[in-house]
Each structure stands twice: as structure tokens, then as C-alpha cells.
Amino acid sequence: MGARNEDSNTTGVGVDENNDLALGSVAVYVFRRTGKVWIQQAYLKASNTGAQDSFGHSVSLDGSSRTLAVGAPLEDSNARGVGGDESNNLATNSGVVYLY
């Protein structure tokens with residue numbers, strides 16, 4: 001599950017974690033275990049971060065640890081398929097899955 005109280009409005013991978021400009025937007029932190037130590041490998045945000053989208057509500061890593069699926073059930077875009085216009089909010093709570 002994502003970090004529910006994370007509110008950064010940044011987008012993408014490895015971006016600024018230190019602002020609170022999108023309340024409830026959530027983030028996903030990826031860690032790798034080396035021996036007994038967990039080390040942060042990545043900080044992930046949606047490509048179209050929005051307040052209350054619940055990015056990271058669900059996460060799933062494939063068996064090879066190469067693909068991470070991140071759900072955002074309250075995302076509002078009506079974009080379809082890959083490369084759609086995700087900048088609108090015309091479909092309230094339609095949800096989306098991001099793949100990394």
C-alpha cells in the first residue's frame with residue numbers, strides 16, 4: 001500500500017518528496033532488502049498527481065520484480081488506453097492503474 005499521508009503534488013519517479021500541495025495524493029516508496037537492512041530504491045508519484053486520487057491504494061509487484069502496478073481508484077480522468085489525455089477530470093472516481 002502507498003503512503004496514505006503523503007501530499008506532494010510532484011509527478012513521476014524520484015522527484016521532490018518535500019511539499020504538501022496535493023492533499024491525499026499519496027505516494028509509493030519502493031524498498032529493497034539487503035541482508036537485514038531495507039534501503040529505499042524509489043519514490044513514485046502518478047504522472048498526473050491530483051489531490052484525493054488515492055494513488056498507491058493498491059500495489060502489486062510481478063514475480064520477477066520488474067513490473068510494479070499501482071492503483072489509484074479515485075483518479076478522475078476519462079483517458080483511455082496508453083497515451084490518452086490524463087489531464088482532464090471528466091470521469092469522477094473512474095480509477096486507473098499505473099505500470100512502472
# chains A, B, ... in the order shown; residues from 1 in each chain; ligands from 1

$ residues_around --residues "range 45-57 of chain A" --least-positions-apart "6" --cutoff "9 Å" --atoms "only C-alpha atoms" --output "PyMOL selection string"
chain A and resi 1-4+7-15+21-28+70-76+86-87+93+95-98

$ select_by_dssp --residues "chain A" --states "strand (DSSP E)" --output "ChimeraX atom specification"
/A:12-13,28-34,37-45,58-61,68-72,96-99

$ write_last_selection --atoms "N, CA and C atoms" --output "tab-separated table (two decimals), in the first residue's frame"
chain	number	residue	atom	x	y	z
A	12	GLY	N	5.90	11.54	-11.28
A	12	GLY	CA	6.98	10.71	-11.80
A	12	GLY	C	7.76	9.95	-10.75
A	13	VAL	N	9.00	9.61	-11.10
A	13	VAL	CA	9.85	8.75	-10.28
A	13	VAL	C	11.03	9.57	-9.75
A	28	VAL	N	4.15	6.12	-3.48
A	28	VAL	CA	4.61	4.75	-3.26
A	28	VAL	C	6.12	4.80	-3.07
A	29	TYR	N	6.58	4.16	-2.03
A	29	TYR	CA	8.01	4.04	-1.76
A	29	TYR	C	8.41	2.60	-2.04
A	30	VAL	N	9.48	2.41	-2.80
A	30	VAL	CA	9.97	1.07	-3.12
A	30	VAL	C	11.25	0.83	-2.35
A	31	PHE	N	11.29	-0.28	-1.63
A	31	PHE	CA	12.47	-0.63	-0.83
A	31	PHE	C	13.02	-1.97	-1.29
A	32	ARG	N	14.31	-2.15	-1.08
A	32	ARG	CA	14.99	-3.41	-1.37
A	32	ARG	C	15.70	-3.85	-0.10
A	33	ARG	N	15.59	-5.13	0.19
A	33	ARG	CA	16.24	-5.67	1.38
A	33	ARG	C	17.60	-6.24	1.00
A	34	THR	N	18.61	-5.80	1.72
A	34	THR	CA	19.96	-6.32	1.55
A	34	THR	C	20.40	-6.83	2.92
A	37	VAL	N	18.94	-5.16	6.22
A	37	VAL	CA	18.70	-3.72	6.05
A	37	VAL	C	17.78	-3.47	4.85
A	38	TRP	N	16.79	-2.61	5.03
A	38	TRP	CA	15.91	-2.17	3.95
A	38	TRP	C	16.40	-0.81	3.48
A	39	ILE	N	16.58	-0.66	2.16
A	39	ILE	CA	17.08	0.58	1.57
A	39	ILE	C	16.05	1.09	0.56
A	40	GLN	N	15.71	2.38	0.66
A	40	GLN	CA	14.75	2.95	-0.30
A	40	GLN	C	15.38	2.98	-1.68
A	41	GLN	N	14.67	2.42	-2.65
A	41	GLN	CA	15.14	2.39	-4.04
A	41	GLN	C	14.45	3.42	-4.92
A	42	ALA	N	13.19	3.75	-4.59
A	42	ALA	CA	12.46	4.68	-5.45
A	42	ALA	C	11.32	5.35	-4.68
A	43	TYR	N	10.96	6.51	-5.16
A	43	TYR	CA	9.81	7.28	-4.68
A	43	TYR	C	8.95	7.51	-5.92
A	44	LEU	N	7.71	7.05	-5.92
A	44	LEU	CA	6.86	7.10	-7.11
A	44	LEU	C	5.62	7.96	-6.88
A	45	LYS	N	5.33	8.77	-7.89
A	45	LYS	CA	4.09	9.54	-7.93
A	45	LYS	C	3.42	9.30	-9.28
A	58	SER	N	-3.54	0.44	-3.91
A	58	SER	CA	-3.14	-0.96	-4.06
A	58	SER	C	-1.86	-0.99	-4.88
A	59	VAL	N	-1.00	-1.94	-4.56
A	59	VAL	CA	0.26	-2.13	-5.29
A	59	VAL	C	0.48	-3.62	-5.48
A	60	SER	N	1.12	-3.97	-6.60
A	60	SER	CA	1.43	-5.37	-6.87
A	60	SER	C	2.71	-5.44	-7.69
A	61	LEU	N	3.63	-6.25	-7.23
A	61	LEU	CA	4.91	-6.44	-7.91
A	61	LEU	C	4.88	-7.81	-8.57
A	68	LEU	N	5.85	-3.07	-11.56
A	68	LEU	CA	5.04	-2.71	-10.40
A	68	LEU	C	3.76	-2.07	-10.91
A	69	ALA	N	2.62	-2.58	-10.46
A	69	ALA	CA	1.32	-1.99	-10.78
A	69	ALA	C	0.84	-1.22	-9.56
A	70	VAL	N	0.41	0.03	-9.79
A	70	VAL	CA	-0.06	0.89	-8.70
A	70	VAL	C	-1.46	1.39	-9.05
A	71	GLY	N	-2.41	1.12	-8.18
A	71	GLY	CA	-3.78	1.54	-8.41
A	71	GLY	C	-4.09	2.90	-7.80
A	72	ALA	N	-4.95	3.64	-8.47
A	72	ALA	CA	-5.46	4.92	-7.98
A	72	ALA	C	-6.97	4.91	-8.24
A	96	VAL	N	-7.61	4.21	-12.11
A	96	VAL	CA	-6.56	3.93	-13.09
A	96	VAL	C	-5.53	3.02	-12.46
A	97	VAL	N	-4.76	2.34	-13.31
A	97	VAL	CA	-3.60	1.56	-12.87
A	97	VAL	C	-2.39	2.10	-13.61
A	98	TYR	N	-1.32	2.41	-12.87
A	98	TYR	CA	-0.07	2.87	-13.43
A	98	TYR	C	0.91	1.71	-13.40
A	99	LEU	N	1.69	1.55	-14.46
A	99	LEU	CA	2.70	0.50	-14.51
A	99	LEU	C	4.09	1.10	-14.53

$ decode --residues "range 25-75 of chain A" --atoms "C-alpha atoms" --output "CSV table (one decimal), in the first residue's frame"
chain,number,residue,atom,x,y,z
A,25,SER,CA,-2.5,12.3,-3.5
A,26,VAL,CA,-0.4,9.6,-1.8
A,27,ALA,CA,3.0,8.2,-3.0
A,28,VAL,CA,4.6,4.8,-3.3
A,29,TYR,CA,8.0,4.0,-1.8
A,30,VAL,CA,10.0,1.1,-3.1
A,31,PHE,CA,12.5,-0.6,-0.8
A,32,ARG,CA,15.0,-3.4,-1.4
A,33,ARG,CA,16.2,-5.7,1.4
A,34,THR,CA,20.0,-6.3,1.6
A,35,GLY,CA,20.7,-8.7,4.4
A,36,LYS,CA,18.9,-7.3,7.4
A,37,VAL,CA,18.7,-3.7,6.0
A,38,TRP,CA,15.9,-2.2,4.0
A,39,ILE,CA,17.1,0.6,1.6
A,40,GLN,CA,14.8,3.0,-0.3
A,41,GLN,CA,15.1,2.4,-4.0
A,42,ALA,CA,12.5,4.7,-5.4
A,43,TYR,CA,9.8,7.3,-4.7
A,44,LEU,CA,6.9,7.1,-7.1
A,45,LYS,CA,4.1,9.5,-7.9
A,46,ALA,CA,1.4,9.4,-10.6
A,47,SER,CA,2.2,11.0,-13.9
A,48,ASN,CA,-0.9,13.3,-13.3
A,49,THR,CA,-0.9,13.7,-9.5
A,50,GLY,CA,-4.1,15.0,-8.1
A,51,ALA,CA,-5.5,15.6,-4.6
A,52,GLN,CA,-7.5,12.7,-3.2
A,53,ASP,CA,-6.8,10.3,-6.2
A,54,SER,CA,-5.6,7.6,-3.7
A,55,PHE,CA,-2.6,6.7,-5.8
A,56,GLY,CA,-1.0,3.7,-4.1
A,57,HIS,CA,-4.3,2.4,-2.7
A,58,SER,CA,-3.1,-1.0,-4.1
A,59,VAL,CA,0.3,-2.1,-5.3
A,60,SER,CA,1.4,-5.4,-6.9
A,61,LEU,CA,4.9,-6.4,-7.9
A,62,ASP,CA,5.2,-9.2,-10.5
A,63,GLY,CA,7.2,-12.4,-9.7
A,64,SER,CA,10.3,-11.2,-11.5
A,65,SER,CA,10.3,-7.9,-9.6
A,66,ARG,CA,10.4,-6.0,-12.9
A,67,THR,CA,6.9,-4.5,-13.1
A,68,LEU,CA,5.0,-2.7,-10.4
A,69,ALA,CA,1.3,-2.0,-10.8
A,70,VAL,CA,-0.1,0.9,-8.7
A,71,GLY,CA,-3.8,1.5,-8.4
A,72,ALA,CA,-5.5,4.9,-8.0
A,73,PRO,CA,-9.2,4.1,-7.6
A,74,LEU,CA,-10.3,7.8,-7.3
A,75,GLU,CA,-8.5,9.2,-10.3
